[in-house]
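Structure first, commentary second.
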Amino acid sequence: MNERAPLLLQIDPDQARRAADFFESYANTVSQGLYGPPQEDGSGTDASMSDVPGWAVRVDTSTSLRLAGQWAMLFDTERARRLLSAAGGILHDLGHGFGTYLLVAYSAEPPNLSQVASRVEMMTGRHRPDGEVREDSLLPEPLSYPQQQTYLLVAATGMVRNSEASHATPGETDVDMDEYAAWHVRIERHLQLLLSRSPHRRGVATVGALGTPIRVYWDIASHLLRPGPGSTDSVIGHLRTMAQRYSTAVDLAMANKRLWFNGAAPVDVCDVDITTLALIAARALGVDHFRSALRSALAETTGLESVPLGIADAMLPDTDRG
């Protein structure tokens, strides 16, 4: 646990624990069907969403688990991993790239590679060799959003580069090794195509609670897929810039003391993107190497800017095989 974070944020760890307990309890209640949105007659709803049984309940449950996990980052990293993994599992099953992103970072069991590869291929299929978007491409609804495509890209890149995923056994993947290796090569090829063709690699659309430009995530994915001598420094540089955005947002939120000290400020107290990117990057680039670079960056930061980097450091696995 990062003990400095609650002090810098002026948050009592017991308050953080109560917030995590509340959101987890709410998620459990919603998932049991004890509370939910009013029944609708179907008018004005999106058909593709209404076709999924319990869609609203599943998303509400996942959102609550994510919030609980973010609060838990302040006092219990193992609980945070469990909650964020559970949130990711729900969204991954619904086809959201953000769910895959959370699973790759926090789950002990990576998502099914062939399933992730199929989703990446559908993304690639929307781009002609000349870079134009194919409007007739049948992309699952969640992946029609650039932000969800971005989260899937980073997650898939992390899976390809993760040494554990690359050396998984047939029993872990439910396929034989030849088929698994074929999927591995296939997804890597499509990731290369996406990173070279997609306009998102230069895009400025915002992603995540901090409003980070989409091109930042694509640049990180590019460094993870084909690591070079400066890849770790580049990723750390992006995380530091995001930490600066976090510092500004939280500093503004803390000005309203009533909302802040009651845990009701409209800001993520712990930013899930910085931590998730750090975990995926660490496994792709080497945990020990990445931890050393992250701690060097931490030594150069102060105040609120150091909070998300310190939390990311606390959430890193112990070793390259952890």
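Identifiers in the structure tokens: chain A, B, ... in order shown; residue index from 1 per chain; ligand index from 1 in order shown.
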Excluding segment 314-317 of chain A and any residue of its chain fewer than 5 positions from it, enumerate the residues within 10 Å of it, using only C-alpha atoms, and give them as a count of residues only. 26
Record the distance separating atom CA of Asn112 of chain A and atom CA of Leu277 of chain A, expressed in Å with one decimal. 19.9 Å
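Here atom CA of His92 of chain A and atom CA of Ala27 of chain A stand 16.9 Å from one another.
Those residues in segment 182-228 of chain A carrying a DSSP assignment of alpha helix (DSSP H), computed from the backbone, are Ala182, Trp183, His184, Val185, Arg186, Ile187, Glu188, Arg189, His190, Leu191, Gln192, Leu193, Leu194, Leu195, Ser196, Arg197, Ile214, Arg215, Val216, Tyr217, Trp218, Asp219, Ile220, Ala221, Ser222, His223, Leu224 and Leu225 of chain A.
In this model, the gap between atom CA of Gln70 of chain A and atom CA of Val216 of chain A comes to 22.1 Å.
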